[in-house]
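*Asks:* Take a look at the following structure, please.
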Amino acid sequence: MKKIYGNELLISTLCNMVKSGRTAHTVLFYGEKGTGKKLMAKLYTSLLLCKNPINNMACGICSSCRNVENESHPDVTYAVTSGKLGGYSVDTARKICSDAFIKPNNDSGRKIYIFRDCHNMDIRTQNTLLKIIEEPPDYAHFIFTAESKNDFLPTIISRCVCFGVSPCTEEETELSLAESGFRETDIKSAVSCFHGNIGMCTEYIKNEDLRKQVDLTKLLADSIIRKDEYALNTVLFSLGKERNDVKTVLSMLDKLIRDSAVLIHDKEAENIGCFREGAIKLSYMITSRIAEKIHRSIEKAWNTIECNVSIPLALSALCAEITEIII
């Protein structure tokens with residue numbers, strides 16, 4: 001299994017849970033995209049199924065560990081998404097509930113069901129899973145990953161052991177990327193944008209579309225700095241109509257606004273956005289109250305797009321609101 005950087009306390013907690021025999025039947029790993037939630041889910045699965053653990057860790061070489069790493073273990077089920085939003089259907093949940101009562105055939109006596117990226121899990125699907133999560137068979141384990149605990153009903157959360165997955169340090173991120181064979185210049189560029197988020201740094205290096213989205217975010221910041229309504233509207237329009245792409249840029253812009261608000265009070269503060277130079281310039285132009293207003297406008301646009309409203313309409317409204325705030 002690939003070396004995991006950061007989150008040492010979380011890894012230790014998972015290892016100790018399995019060693020003590022007090023394993024949680026339902027676990028949620030949550031945190032921002034790219035921080036390693038799926039990697040933690042795979043680690044916990046390996047710990048549950050490993051035949052020959054070494055120093056409380058999965059050995060990584062037994063047949064169970066190899067099958068988990070290759071996502072081919074017969075008693076590990078990855079729930080299948082469906083629909084335009086990539087959610088989990090009620091039918092999928094029902095099939096898993098039925099399958100959970102079929103006993104496993106492995107030496108560990110466990111079966112694991114993994115639901116990844118649960119942002120779009122329907123309430124009806126969650127309610128369908130609730131009964132099996134409340135009273136699972138002794139051998140059944142359920143693992144969820146999501147960006148926020150708020151993606152789930154309180155009744156589901158109350159029955160989960162929830163673990164937050166955090167970004168690494170920038171130094172750890174650079175080590176991980178170097179270990180993956182990336183060039184130093186690419187690593188520096190990626191870390192300057194996504195800091196301790198190894199997953200997003202990796203995607204930035206590999207994915208030209210993400211690099212373009214970062215560039216568009218910087219152009220949006222420049223438009224706001226120059227108070228140029230026409231340029232702002234032009235860049236927003238150029239984001240296109242792909243929902244997830246637009247939401248990615250809005251999220252990056254929101255982080256940049258957050259950075260500018262922090263820098264108003266501390267010019268040496270660490271940033272989480274992709275454009276520190278722009279955040280610094282903006283911090284000299286706006287107040288904390290203005291930053292909050294822009295944040296709320298971005299948040300409203302993001303939620304509107306999430307609700308399947310016309311993207312051009314949502315972005316036009318956002319442009320108008322930001323222009324009114326800064327001019």
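In the structure tokens, chains take letters A, B, ... by order of appearance, with residues numbered from 1 within each chain and ligands from 1 in the order shown.
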Could you find all residues in stretch 157-222 of chain A that DSSP calls helix (DSSP H, G or I) from the backbone, and write them as JSON, numbers by chain?

*Replies:* {"A": [157, 170, 171, 172, 173, 174, 175, 176, 177, 178, 179, 184, 185, 186, 187, 188, 189, 190, 191, 192, 193, 194, 198, 199, 200, 201, 202, 203, 204, 205, 206, 208, 209, 210, 211, 212, 213, 214, 215, 216, 217, 218, 219, 220, 221, 222]}

*Asks:* Skip stretch 63-70 of chain A itself and residues of its chain fewer than 6 positions away, then list as a ChimeraX atom specification all residues within 8 Å of it, counting only C-alpha atoms.

*Replies:* /A:1,42,45-46,49-51,76

*Asks:* Which one is closest to A:Ser310: A:Cys15, A:Leu175, A:Ile143, A:Val246? Count only C-alpha atoms.

*Replies:*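 That would be A:Val246, the residue with the smallest distance to A:Ser310.
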
*Asks:* Counting only C-alpha atoms, which residue out of A:His265, A:Lys255, A:Lys38, A:Arg183 sits closest to A:Val165?

*Replies:*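 For A:Val165, the nearest of the candidates is A:Lys38.
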
*Asks:* Write out as JSON, numbers by chain which residues come within 8 Å of A:Arg243 when counting only C-alpha atoms, dropping same-chain ones fewer than 5 positions away.

*Replies:* {"A": [305, 306, 311]}

*Asks:* For the residues in the current selection, export N, CA and C atoms as a PDB file, in the first residue's frame.

*Replies:*
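What landed in selection.pdb:
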ATOM      1  N   ILE A 305     -26.257  26.579  -8.164  1.00  0.00           N
ATOM      2  CA  ILE A 305     -25.800  25.637  -9.189  1.00  0.00           C
ATOM      3  C   ILE A 305     -25.984  24.196  -8.712  1.00  0.00           C
ATOM      4  N   GLU A 306     -25.752  23.972  -7.444  1.00  0.00           N
ATOM      5  CA  GLU A 306     -25.945  22.649  -6.863  1.00  0.00           C
ATOM      6  C   GLU A 306     -27.394  22.188  -6.998  1.00  0.00           C
ATOM      7  N   ILE A 311     -26.748  27.526 -15.027  1.00  0.00           N
ATOM      8  CA  ILE A 311     -25.420  28.002 -14.646  1.00  0.00           C
ATOM      9  C   ILE A 311     -25.161  29.432 -15.126  1.00  0.00           C
TER      10      ILE A 311
END

*Asks:* Under the rule that only C-alpha atoms are counted, which of A:Phe29, A:Glu277, A:Val18, A:Ala93 is the nearest residue to A:Asn56?

*Replies:*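 Nearest to A:Asn56: A:Val18.
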